[in-house]
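Here's final.csv, which has CSV, C-alpha atoms:
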chain,number,residue,atom,x,y,z
E,283,MET,CA,27.5,-0.1,-12.6
E,284,ASN,CA,27.7,-2.4,-15.6
E,285,THR,CA,24.6,-4.3,-14.5
E,286,ASN,CA,22.5,-1.2,-14.3
E,287,ASN,CA,20.9,-1.7,-17.7
E,288,ASN,CA,19.8,-5.2,-16.6
E,289,LEU,CA,17.9,-4.2,-13.5
E,290,LEU,CA,14.7,-3.1,-15.2
E,291,SER,CA,14.6,-6.2,-17.4
E,292,VAL,CA,15.0,-8.4,-14.3
E,293,LEU,CA,12.3,-6.6,-12.4
E,294,THR,CA,10.0,-7.1,-15.5
E,295,ARG,CA,10.4,-10.8,-15.1
E,296,GLU,CA,10.3,-10.9,-11.3
E,297,GLY,CA,7.1,-9.0,-10.8
E,298,VAL,CA,4.5,-6.5,-11.9
E,299,LEU,CA,3.2,-3.1,-10.8
E,300,ILE,CA,-0.2,-3.2,-9.2
E,301,LYS,CA,-2.6,-0.3,-8.5
E,302,VAL,CA,-5.8,-0.7,-6.6
E,303,SER,CA,-8.3,2.1,-6.7
E,304,ILE,CA,-11.5,2.0,-4.7
E,305,ARG,CA,-14.3,4.6,-5.0
E,306,TYR,CA,-17.6,5.0,-3.2
E,307,TRP,CA,-19.8,7.8,-2.1
E,308,ARG,CA,-18.2,9.2,1.0
E,309,GLY,CA,-21.4,10.9,2.4
E,310,CYS,CA,-19.6,14.2,3.0
E,311,LYS,CA,-20.2,17.8,2.1
E,312,LYS,CA,-17.7,20.6,2.2
E,313,LEU,CA,-19.6,23.6,3.6
E,314,ARG,CA,-19.1,27.1,2.2
E,315,PRO,CA,-19.5,30.3,4.3
E,316,GLU,CA,-22.8,31.1,2.5
E,317,ASP,CA,-24.2,27.7,3.4
E,318,ILE,CA,-24.3,28.8,7.0
E,319,GLY,CA,-25.3,32.4,6.4
E,320,LEU,CA,-21.9,34.0,6.4
E,321,ASP,CA,-20.5,36.5,3.9
E,322,PRO,CA,-17.6,34.8,2.1
E,323,ASP,CA,-15.7,38.2,2.1
E,324,ASP,CA,-15.8,38.1,5.9
E,325,VAL,CA,-14.2,34.7,6.2
E,326,SER,CA,-10.5,34.2,5.8
E,327,ASP,CA,-9.4,30.9,4.2
E,328,ARG,CA,-6.1,31.3,6.0
E,329,LEU,CA,-7.7,31.2,9.4
E,330,ILE,CA,-11.0,29.5,9.1
E,331,SER,CA,-11.8,26.2,7.3
E,332,LEU,CA,-15.4,24.9,7.5
E,333,GLY,CA,-14.2,21.5,6.3
E,334,HIS,CA,-16.1,18.4,5.3
E,335,LYS,CA,-19.2,17.5,7.3
E,336,ARG,CA,-20.8,14.0,7.4
E,337,LEU,CA,-24.2,13.8,5.8
E,338,LEU,CA,-24.7,10.3,7.2
E,339,PRO,CA,-23.5,8.6,10.5
E,340,LYS,CA,-20.0,7.1,10.1
E,341,GLN,CA,-21.3,3.5,10.7
E,342,ALA,CA,-23.6,3.8,7.6
E,343,LEU,CA,-20.5,3.6,5.4
E,344,GLN,CA,-18.3,1.5,7.6
E,345,PRO,CA,-18.6,-1.8,5.6
E,346,LEU,CA,-17.3,-0.1,2.5
E,347,SER,CA,-14.6,1.7,4.5
E,348,VAL,CA,-13.5,-1.6,6.1
E,349,VAL,CA,-13.2,-3.3,2.6
E,350,GLU,CA,-11.2,-0.3,1.4
E,351,GLY,CA,-8.9,-0.4,4.4
E,352,ARG,CA,-8.3,-4.2,4.1
E,353,SER,CA,-7.6,-3.9,0.4
E,354,HIS,CA,-5.0,-1.2,0.8
E,355,ALA,CA,-3.5,-3.1,3.7
E,356,LEU,CA,-3.2,-6.2,1.7
E,357,VAL,CA,-1.4,-4.4,-1.1
E,358,GLU,CA,0.9,-2.6,1.4
E,359,ALA,CA,1.8,-5.9,3.1
E,360,ASN,CA,2.7,-7.8,0.0
E,361,THR,CA,4.4,-5.1,-2.2
E,362,PHE,CA,7.0,-2.4,-2.3
E,363,PRO,CA,6.1,1.2,-3.2
E,364,PHE,CA,7.7,1.9,-6.7
E,365,LEU,CA,9.0,5.3,-7.8
E,366,ASN,CA,7.4,7.5,-5.1
E,367,GLY,CA,4.0,5.7,-5.3
E,368,VAL,CA,3.6,5.5,-9.1
E,369,GLY,CA,2.5,1.9,-8.3
E,370,HIS,CA,3.4,-1.0,-6.0
E,371,PHE,CA,5.8,-3.7,-7.1
E,372,LEU,CA,4.3,-7.1,-6.6
E,373,PRO,CA,6.7,-10.1,-6.8
E,374,ASN,CA,5.4,-13.0,-9.0
E,375,ALA,CA,5.5,-15.4,-6.0
E,376,ARG,CA,2.8,-13.3,-4.3
E,377,LEU,CA,0.7,-12.5,-7.4
E,378,ASN,CA,-1.8,-15.3,-7.4
E,379,GLU,CA,-2.6,-15.1,-3.7
E,380,VAL,CA,-2.9,-11.3,-3.6
E,381,MET,CA,-5.1,-11.2,-6.7
E,382,ALA,CA,-7.3,-14.0,-5.3
E,383,LYS,CA,-7.8,-12.1,-2.0
E,384,LEU,CA,-8.4,-8.9,-3.9
E,385,LYS,CA,-11.1,-10.6,-5.9
E,386,ASP,CA,-12.8,-11.8,-2.6
E,387,LEU,CA,-12.6,-8.2,-1.3
E,388,GLU,CA,-14.1,-6.9,-4.5
E,389,THR,CA,-17.0,-9.3,-4.0
E,390,GLU,CA,-17.4,-8.0,-0.4
E,391,PHE,CA,-17.3,-4.4,-1.7
E,392,TRP,CA,-20.1,-4.8,-4.2
E,393,TYR,CA,-22.2,-6.7,-1.6
E,394,ALA,CA,-21.7,-3.8,0.8
E,395,LYS,CA,-22.6,-1.3,-1.9
E,396,THR,CA,-25.8,-3.2,-2.6
E,397,LYS,CA,-26.8,-3.3,1.0
E,398,PHE,CA,-26.1,0.4,1.4
E,399,ILE,CA,-28.2,1.3,-1.6
E,400,GLU,CA,-31.1,-0.8,-0.2
E,401,GLN,CA,-30.9,1.2,3.0
E,402,TYR,CA,-30.2,4.6,1.4
E,403,SER,CA,-33.7,6.1,1.5
E,404,GLU,CA,-34.1,5.2,5.1
E,405,LEU,CA,-30.7,6.4,6.1
E,406,ARG,CA,-31.3,9.7,4.2
E,407,GLU,CA,-34.6,10.3,6.0
E,408,SER,CA,-33.0,9.5,9.4
E,409,ALA,CA,-30.1,11.8,8.7
E,410,ALA,CA,-32.4,14.6,7.6
E,411,GLU,CA,-34.1,14.5,10.9
E,412,GLU,CA,-30.8,14.7,12.8
E,413,TRP,CA,-29.6,17.6,10.6
E,414,LYS,CA,-32.9,19.4,11.3
E,415,GLN,CA,-32.3,19.3,15.0
E,416,MET,CA,-28.6,20.2,14.7
E,417,ALA,CA,-29.1,23.1,12.3
E,418,LYS,CA,-31.3,24.9,14.8
E,419,LYS,CA,-28.4,24.9,17.2
E,420,LEU,CA,-25.7,25.7,14.7
E,421,VAL,CA,-27.0,28.6,12.5
E,422,LYS,CA,-29.4,31.5,12.6
E,423,ASP,CA,-31.0,30.4,9.3
E,424,PRO,CA,-31.4,26.6,9.6
E,425,GLU,CA,-33.6,26.3,6.5
E,426,ARG,CA,-30.7,27.5,4.3
E,427,LEU,CA,-28.3,24.9,5.7
E,428,LEU,CA,-30.9,22.2,5.5
E,429,ALA,CA,-31.5,23.0,1.8
E,430,VAL,CA,-27.8,22.7,1.1
E,431,ILE,CA,-27.6,19.3,3.0
E,432,GLU,CA,-30.7,18.0,1.2
E,433,ALA,CA,-29.2,18.9,-2.2
E,434,SER,CA,-26.0,17.1,-1.4
E,435,PHE,CA,-27.6,13.7,-1.4
E,436,PRO,CA,-27.4,12.1,-4.8
E,437,PHE,CA,-30.5,10.5,-6.3
E,438,PRO,CA,-30.4,6.7,-5.8
E,439,GLN,CA,-30.5,6.0,-9.6
E,440,ARG,CA,-27.3,8.1,-10.0
E,441,MET,CA,-25.3,6.5,-7.2
E,442,ASP,CA,-23.5,3.9,-9.5
E,443,ARG,CA,-21.1,6.4,-10.9
E,444,PHE,CA,-19.6,7.0,-7.4
E,445,TYR,CA,-18.6,3.3,-7.1
E,446,GLY,CA,-15.6,1.4,-8.4
E,447,PHE,CA,-13.2,-1.3,-7.5
E,448,ASP,CA,-10.4,-1.2,-10.0
E,449,MET,CA,-7.3,-3.5,-10.0
E,450,GLN,CA,-4.7,-2.7,-12.6
E,451,LEU,CA,-1.5,-4.5,-13.4
E,452,PHE,CA,1.3,-2.9,-15.3
E,453,GLN,CA,4.5,-4.2,-16.9
E,454,LEU,CA,7.7,-2.2,-16.3
E,455,ALA,CA,9.4,-0.8,-19.4
E,456,LEU,CA,11.7,2.1,-20.3
E,457,PRO,CA,10.2,4.8,-22.6
E,458,GLU,CA,11.2,4.2,-26.2
E,459,LYS,CA,12.0,6.7,-29.0
E,460,MET,CA,9.0,9.1,-29.2
E,461,SER,CA,7.3,9.5,-32.6
E,462,VAL,CA,6.9,12.9,-34.2
E,463,ASP,CA,3.4,14.2,-34.7
E,464,LEU,CA,2.5,16.3,-37.7
E,465,VAL,CA,4.6,19.5,-37.5
E,466,SER,CA,6.1,21.8,-40.1
E,467,MET,CA,9.3,20.8,-41.7
E,468,ALA,CA,11.0,23.7,-40.1
E,469,ASP,CA,10.1,22.6,-36.6
E,470,GLN,CA,10.5,18.8,-37.1
E,471,GLN,CA,14.2,18.5,-36.5
E,472,GLU,CA,13.9,20.6,-33.3
E,473,VAL,CA,11.0,18.4,-32.1
E,474,VAL,CA,12.9,15.2,-32.8
E,475,MET,CA,16.0,16.4,-30.9
E,476,ALA,CA,13.9,17.6,-27.9
E,477,ARG,CA,12.0,14.4,-27.7
E,478,GLU,CA,15.1,12.2,-28.1
E,479,GLN,CA,16.7,14.2,-25.3
E,480,ALA,CA,13.6,13.8,-23.1
E,481,THR,CA,13.6,10.1,-23.7
E,482,GLN,CA,17.2,9.6,-22.8
E,483,GLN,CA,16.8,11.7,-19.6
E,484,ALA,CA,13.8,9.6,-18.6
E,485,GLN,CA,15.6,6.3,-19.3
E,486,ALA,CA,18.6,7.5,-17.2
E,487,LYS,CA,16.4,8.6,-14.3
E,488,ILE,CA,14.4,5.4,-14.3
E,489,ARG,CA,17.6,3.3,-14.3
E,490,ARG,CA,18.9,5.2,-11.3
E,491,ASP,CA,15.6,5.0,-9.5
E,492,VAL,CA,15.3,1.3,-10.2
E,493,GLU,CA,18.7,0.7,-8.6
E,494,LEU,CA,17.6,2.7,-5.5
E,495,PHE,CA,14.3,0.9,-5.5
E,496,VAL,CA,15.9,-2.6,-5.3
E,497,SER,CA,18.2,-1.3,-2.5
E,498,ASP,CA,15.2,0.1,-0.6
E,499,CYS,CA,13.3,-3.2,-0.9
E,500,VAL,CA,16.2,-5.2,0.5
E,501,ALA,CA,16.5,-2.7,3.4
E,502,SER,CA,12.8,-2.8,4.0
E,503,LEU,CA,12.6,-6.6,4.4
E,504,ARG,CA,15.6,-6.5,6.7
E,505,GLU,CA,13.9,-3.8,8.8
E,506,GLN,CA,10.7,-5.8,9.0
E,507,THR,CA,12.7,-8.8,10.3
E,508,ALA,CA,14.2,-6.7,13.1
E,509,THR,CA,10.9,-5.1,14.0
E,510,LEU,CA,9.1,-8.5,14.2
E,511,CYS,CA,11.8,-10.0,16.4
E,512,GLU,CA,11.6,-7.0,18.7
E,513,GLU,CA,7.8,-7.2,18.9
E,514,MET,CA,8.0,-10.9,19.7
E,515,LEU,CA,10.5,-10.2,22.5
E,516,GLN,CA,8.3,-7.6,24.0
E,517,SER,CA,5.3,-9.9,23.9
E,518,ILE,CA,7.3,-12.7,25.6
E,519,ASN,CA,8.7,-10.4,28.3
E,520,THR,CA,5.4,-8.7,29.1
E,521,SER,CA,2.9,-11.6,28.8
E,522,GLU,CA,1.9,-13.4,32.0
E,523,THR,CA,2.1,-16.8,30.3
E,524,GLY,CA,5.4,-16.0,28.5
E,525,VAL,CA,5.5,-17.6,25.1
E,526,HIS,CA,2.3,-17.9,23.0
E,527,GLN,CA,2.0,-20.2,20.0
E,528,LYS,CA,0.5,-17.2,18.2
E,529,THR,CA,3.7,-15.3,18.7
E,530,LEU,CA,5.8,-18.2,17.2
E,531,ASN,CA,3.4,-18.5,14.3
E,532,ARG,CA,4.0,-14.9,13.4
E,533,LEU,CA,7.6,-15.7,12.8
E,534,VAL,CA,6.8,-18.9,10.9
E,535,LYS,CA,4.5,-17.0,8.6
E,536,PHE,CA,7.0,-14.1,8.2
E,537,VAL,CA,9.8,-16.5,7.1
E,538,ASP,CA,7.5,-17.9,4.3
E,539,GLN,CA,6.4,-14.5,3.3
E,540,PHE,CA,10.0,-13.2,3.2
E,541,LYS,CA,11.0,-15.9,0.7
E,542,GLN,CA,8.1,-14.9,-1.6
E,543,LEU,CA,8.9,-11.2,-1.3
E,544,ASN,CA,12.7,-11.7,-1.6
E,545,PHE,CA,12.8,-11.1,-5.4
E,546,ALA,CA,16.2,-9.5,-5.1
E,547,ASN,CA,17.6,-12.8,-3.7
E,548,ASP,CA,18.9,-11.5,-0.4
E,549,ARG,CA,20.6,-14.9,0.5
E,550,VAL,CA,22.2,-13.6,3.7
E,551,MET,CA,18.9,-12.6,5.4
E,552,GLU,CA,17.0,-15.6,4.0
E,553,GLN,CA,19.7,-18.0,5.4
E,554,GLU,CA,19.5,-16.4,8.8
E,555,LEU,CA,15.7,-16.8,8.9
E,556,GLU,CA,15.9,-20.4,7.8
E,557,LYS,CA,18.5,-21.0,10.6
E,558,VAL,CA,16.1,-19.5,13.1
E,559,ARG,CA,13.3,-21.6,11.8
E,560,SER,CA,15.2,-24.8,12.2
E,561,GLU,CA,16.8,-23.9,15.6
E,562,LEU,CA,14.0,-22.0,17.4
E,563,LEU,CA,10.7,-22.8,15.7
E,564,SER,CA,10.9,-26.6,16.0
E,565,LYS,CA,9.5,-26.3,19.6
E,566,THR,CA,6.0,-25.5,20.6
E,567,ALA,CA,5.0,-22.6,22.9
E,568,GLU,CA,4.2,-25.1,25.6
E,569,GLU,CA,7.7,-26.6,25.4
E,570,TYR,CA,9.2,-23.1,25.8
E,571,ARG,CA,7.0,-22.3,28.8
E,572,ASP,CA,8.1,-25.5,30.5
E,573,SER,CA,11.8,-24.9,30.0
E,574,LYS,CA,13.5,-21.8,31.2
E,575,TYR,CA,16.7,-22.8,29.3
E,576,ALA,CA,14.8,-23.1,26.1
E,577,ARG,CA,13.0,-19.9,26.7
E,578,ASN,CA,16.2,-18.0,27.3
E,579,LYS,CA,17.7,-19.5,24.1
E,580,LEU,CA,14.6,-18.3,22.2
E,581,LYS,CA,14.9,-14.8,23.5
E,582,HIS,CA,18.7,-14.7,22.8
E,583,GLY,CA,18.1,-15.9,19.3
E,584,LEU,CA,15.4,-13.4,18.6
E,585,SER,CA,17.5,-10.6,20.0
E,586,GLN,CA,20.5,-11.7,18.0
E,587,LEU,CA,18.5,-11.8,14.8
E,588,ALA,CA,17.0,-8.4,15.4
E,589,ALA,CA,20.4,-6.8,15.9
E,590,GLN,CA,21.8,-8.5,12.8
E,591,ALA,CA,18.9,-7.6,10.6
E,592,ARG,CA,19.0,-4.0,11.8
E,593,GLU,CA,22.8,-3.9,11.0
E,594,LEU,CA,22.3,-5.4,7.6
E,595,ALA,CA,19.5,-2.9,6.8
E,596,LYS,CA,22.0,-0.1,7.3
E,597,GLN,CA,24.6,-1.6,5.0
E,598,ASN,CA,25.2,-0.5,1.4
E,599,ALA,CA,23.3,-2.9,-0.8
E,600,THR,CA,25.2,-2.1,-4.0
E,601,GLU,CA,26.9,-5.5,-4.2
E,602,LEU,CA,23.6,-7.3,-3.8
E,603,VAL,CA,21.9,-5.1,-6.4
E,604,GLY,CA,24.8,-5.9,-8.7
E,605,ARG,CA,24.3,-9.6,-8.3
E,606,PHE,CA,20.6,-9.1,-9.0
E,607,GLY,CA,21.4,-7.4,-12.3
E,608,GLU,CA,24.0,-10.1,-13.2
E,609,MET,CA,21.4,-12.7,-12.5
E,610,GLY,CA,19.2,-11.1,-15.1
E,611,ARG,CA,22.0,-10.9,-17.6
E,612,ARG,CA,22.7,-14.6,-17.2
E,613,LYS,CA,19.1,-15.5,-17.5
E,614,CYS,CA,18.9,-13.5,-20.7
E,615,GLN,CA,21.9,-15.3,-22.1
E,616,LEU,CA,20.4,-18.7,-21.2
E,617,ALA,CA,17.1,-17.8,-22.9
E,618,ALA,CA,18.8,-16.6,-26.1
Can you give me the file's structure in the form of structure tokens?
Amino acid sequence: MNTNNNLLSVLTREGVLIKVSIRYWRGCKKLRPEDIGLDPDDVSDRLISLGHKRLLPKQALQPLSVVEGRSHALVEANTFPFLNGVGHFLPNARLNEVMAKLKDLETEFWYAKTKFIEQYSELRESAAEEWKQMAKKLVKDPERLLAVIEASFPFPQRMDRFYGFDMQLFQLALPEKMSVDLVSMADQQEVVMAREQATQQAQAKIRRDVELFVSDCVASLREQTATLCEEMLQSINTSETGVHQKTLNRLVKFVDQFKQLNFANDRVMEQELEKVRSELLSKTAEEYRDSKYARNKLKHGLSQLAAQARELAKQNATELVGRFGEMGRRKCQLAA
């Protein structure tokens, strides 16, 4: 494809890669056979796994776990996984909102960490008592197990190193010609050729992967459209009251979000969603409940959109990807 070389440059302008990494002390200990009085030679790793055991009750770390889950869910909902999880592609239209929400979650994270540290000594003492009772029932030598558990609790003043809330943004770029480190003259030519070949192979692979990535993003948004419509239909058909305003609002929000995530300019799907917005979302839930005709029209429209979106998701997106690359080439020409 002639536009293949433009795809990465277009992506560079349309968004960034984001990676969110959250660390905190998990309060777990992986037990070894000797920790519970067993001979390691008598335990087969193929058949027996002692696994990770909680040092503290689950609820002690729940606030941190909730923030972590919400942070990853936020990223998942507003991005596309890039090159098998190297990062997540975040379109520019969603950048400010996502970063603002992540900042709020980071504030919650550090607050939860502070509260946990304040309660740490008390939680540790309480857990030690529970482990003391449990160890008597689990093993023949409870003192050995209790010593292992006690040693697994970090000192409060050393807890900071376990915590981190890192947000990193990356710009997409192809690898350039690699420099040659200090090598002997005899080896230099061979090194240059090997690195040049590696660079060319990496560039070719990334270009192929980028084309596939854009196609997958288009298909993903179309699949999400179909899934939402089907979920709305199920809600309407199974609910005692029929149509809820909350159900309609889900589609309103999705149409807006689709436009922001639609960096590949999928005009076909976007136009269909706008058509649904004007034809089906101009009425309130109460109006739909009061009119069987309107309600049937809503269900028919949702069913039709779901089927169309599902069919579009199966189609080859090569032409759309080509237009996306051409759009980048034209923008480059205009900027020149």
* To do: For Arg376 (chain E), work out the shell of residues within 12 Å, counting all atoms listed in the file and skipping chain neighbours fewer than 2 positions away, then give it as a VMD selection string.
  => chain E and resid 296 to 298 300 356 to 357 359 to 362 371 to 374 378 to 383 538 to 545
Go ahead and dump the residues you just picked, C-alpha atoms, as a PDB file, keeping the file's coordinate frame.
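Written out: part-v4.pdb:
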ATOM      1  CA  GLU E 296      10.300 -10.900 -11.300  1.00  0.00           C
ATOM      2  CA  GLY E 297       7.100  -9.000 -10.800  1.00  0.00           C
ATOM      3  CA  VAL E 298       4.500  -6.500 -11.900  1.00  0.00           C
ATOM      4  CA  ILE E 300      -0.200  -3.200  -9.200  1.00  0.00           C
ATOM      5  CA  LEU E 356      -3.200  -6.200   1.700  1.00  0.00           C
ATOM      6  CA  VAL E 357      -1.400  -4.400  -1.100  1.00  0.00           C
ATOM      7  CA  ALA E 359       1.800  -5.900   3.100  1.00  0.00           C
ATOM      8  CA  ASN E 360       2.700  -7.800   0.000  1.00  0.00           C
ATOM      9  CA  THR E 361       4.400  -5.100  -2.200  1.00  0.00           C
ATOM     10  CA  PHE E 362       7.000  -2.400  -2.300  1.00  0.00           C
ATOM     11  CA  PHE E 371       5.800  -3.700  -7.100  1.00  0.00           C
ATOM     12  CA  LEU E 372       4.300  -7.100  -6.600  1.00  0.00           C
ATOM     13  CA  PRO E 373       6.700 -10.100  -6.800  1.00  0.00           C
ATOM     14  CA  ASN E 374       5.400 -13.000  -9.000  1.00  0.00           C
ATOM     15  CA  ASN E 378      -1.800 -15.300  -7.400  1.00  0.00           C
ATOM     16  CA  GLU E 379      -2.600 -15.100  -3.700  1.00  0.00           C
ATOM     17  CA  VAL E 380      -2.900 -11.300  -3.600  1.00  0.00           C
ATOM     18  CA  MET E 381      -5.100 -11.200  -6.700  1.00  0.00           C
ATOM     19  CA  ALA E 382      -7.300 -14.000  -5.300  1.00  0.00           C
ATOM     20  CA  LYS E 383      -7.800 -12.100  -2.000  1.00  0.00           C
ATOM     21  CA  ASP E 538       7.500 -17.900   4.300  1.00  0.00           C
ATOM     22  CA  GLN E 539       6.400 -14.500   3.300  1.00  0.00           C
ATOM     23  CA  PHE E 540      10.000 -13.200   3.200  1.00  0.00           C
ATOM     24  CA  LYS E 541      11.000 -15.900   0.700  1.00  0.00           C
ATOM     25  CA  GLN E 542       8.100 -14.900  -1.600  1.00  0.00           C
ATOM     26  CA  LEU E 543       8.900 -11.200  -1.300  1.00  0.00           C
ATOM     27  CA  ASN E 544      12.700 -11.700  -1.600  1.00  0.00           C
ATOM     28  CA  PHE E 545      12.800 -11.100  -5.400  1.00  0.00           C
TER      29      PHE E 545
END
* Asked: CA of Glu388 (chain E) and CA of Arg336 (chain E) are how many Å apart?
  -> 25.0 Å
* To do: Kindly indicate which residue among E:Gln553, E:Thr507, E:Thr523, E:Ser573 lies nearest to Ala589 (chain E), using only C-alpha atoms for the distances.
  =>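 For Ala589 (chain E), the nearest of the given residues is E:Thr507.
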* Shell of 8 Å around Phe391 (chain E), only C-alpha atoms, local chain residues under 6 positions omitted, as an MDAnalysis selection string -> chainID E and resid 345:346 349:350 447
List the neighbours of Val537 (chain E) out to 12 Å using all atoms listed in the file; skip same-chain residues closer than 4 positions along the sequence, and give me the result as a compact mmCIF listing (two decimals) with C-alpha atoms, keeping the file's coordinate frame.
# COMPACT_ATOMS: atom_id res chain seq x y z
CA LEU E 503 12.60 -6.60 4.40
CA ARG E 504 15.60 -6.50 6.70
CA GLN E 506 10.70 -5.80 9.00
CA THR E 507 12.70 -8.80 10.30
CA LEU E 510 9.10 -8.50 14.20
CA CYS E 511 11.80 -10.00 16.40
CA LEU E 530 5.80 -18.20 17.20
CA ASN E 531 3.40 -18.50 14.30
CA ARG E 532 4.00 -14.90 13.40
CA LEU E 533 7.60 -15.70 12.80
CA LYS E 541 11.00 -15.90 0.70
CA GLN E 542 8.10 -14.90 -1.60
CA LEU E 543 8.90 -11.20 -1.30
CA ASN E 544 12.70 -11.70 -1.60
CA MET E 551 18.90 -12.60 5.40
CA GLU E 552 17.00 -15.60 4.00
CA GLN E 553 19.70 -18.00 5.40
CA GLU E 554 19.50 -16.40 8.80
CA LEU E 555 15.70 -16.80 8.90
CA GLU E 556 15.90 -20.40 7.80
CA LYS E 557 18.50 -21.00 10.60
CA VAL E 558 16.10 -19.50 13.10
CA ARG E 559 13.30 -21.60 11.80
CA SER E 560 15.20 -24.80 12.20
CA LEU E 563 10.70 -22.80 15.70
* For Ala429 (chain E), the nearest of the candidates E:Glu561, E:Trp413, E:Glu404, E:Glu493, counting only C-alpha atoms -> E:Trp413
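Residue nearest Lys581 (chain E), chosen from E:Thr600, E:Gln341, E:Gln527, E:Asn519 and counting only C-alpha atoms: E:Asn519.
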* Nearest to Lys385 (chain E) by atom-to-atom distance, counting all atoms listed in the file, from E:Glu601, E:Asp448, E:Glu400, E:Glu512 ->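 Nearest to Lys385 (chain E): E:Asp448.
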* Asked: Suppose you want the space between CA of Lys301 (chain E) and CA of Asn547 (chain E); what is it in Å?
  ->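 CA of Asn547 (chain E) lies at a distance of 24.2 Å from CA of Lys301 (chain E).
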Reconstructed N, CA and C atoms for region 376-389 of chain E, given as a compact mmCIF listing (two decimals), in the frame of the given file:
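Just written: selection_9.txt:
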# COMPACT_ATOMS: atom_id res chain seq x y z
N ARG E 376 3.92 -13.73 -5.08
CA ARG E 376 2.80 -13.30 -4.30
C ARG E 376 1.56 -12.97 -5.18
N LEU E 377 1.75 -13.01 -6.50
CA LEU E 377 0.70 -12.50 -7.40
C LEU E 377 -0.59 -13.25 -7.30
N ASN E 378 -0.58 -14.57 -7.42
CA ASN E 378 -1.80 -15.30 -7.40
C ASN E 378 -2.61 -15.16 -6.11
N GLU E 379 -1.89 -15.25 -4.99
CA GLU E 379 -2.60 -15.10 -3.70
C GLU E 379 -3.17 -13.75 -3.49
N VAL E 380 -2.39 -12.72 -3.82
CA VAL E 380 -2.90 -11.30 -3.60
C VAL E 380 -4.08 -11.07 -4.53
N MET E 381 -4.00 -11.48 -5.79
CA MET E 381 -5.10 -11.20 -6.70
C MET E 381 -6.37 -12.00 -6.26
N ALA E 382 -6.19 -13.21 -5.75
CA ALA E 382 -7.30 -14.00 -5.30
C ALA E 382 -8.01 -13.30 -4.09
N LYS E 383 -7.19 -12.79 -3.17
CA LYS E 383 -7.80 -12.10 -2.00
C LYS E 383 -8.42 -10.78 -2.40
N LEU E 384 -7.83 -10.09 -3.38
CA LEU E 384 -8.40 -8.90 -3.90
C LEU E 384 -9.79 -9.14 -4.53
N LYS E 385 -9.88 -10.27 -5.25
CA LYS E 385 -11.10 -10.60 -5.90
C LYS E 385 -12.22 -10.89 -4.80
N ASP E 386 -11.82 -11.54 -3.71
CA ASP E 386 -12.80 -11.80 -2.60
C ASP E 386 -13.20 -10.43 -1.99
N LEU E 387 -12.26 -9.52 -1.83
CA LEU E 387 -12.60 -8.20 -1.30
C LEU E 387 -13.48 -7.41 -2.21
N GLU E 388 -13.24 -7.58 -3.51
CA GLU E 388 -14.10 -6.90 -4.50
C GLU E 388 -15.55 -7.41 -4.36
N THR E 389 -15.70 -8.71 -4.17
CA THR E 389 -17.00 -9.30 -4.00
C THR E 389 -17.70 -8.68 -2.72
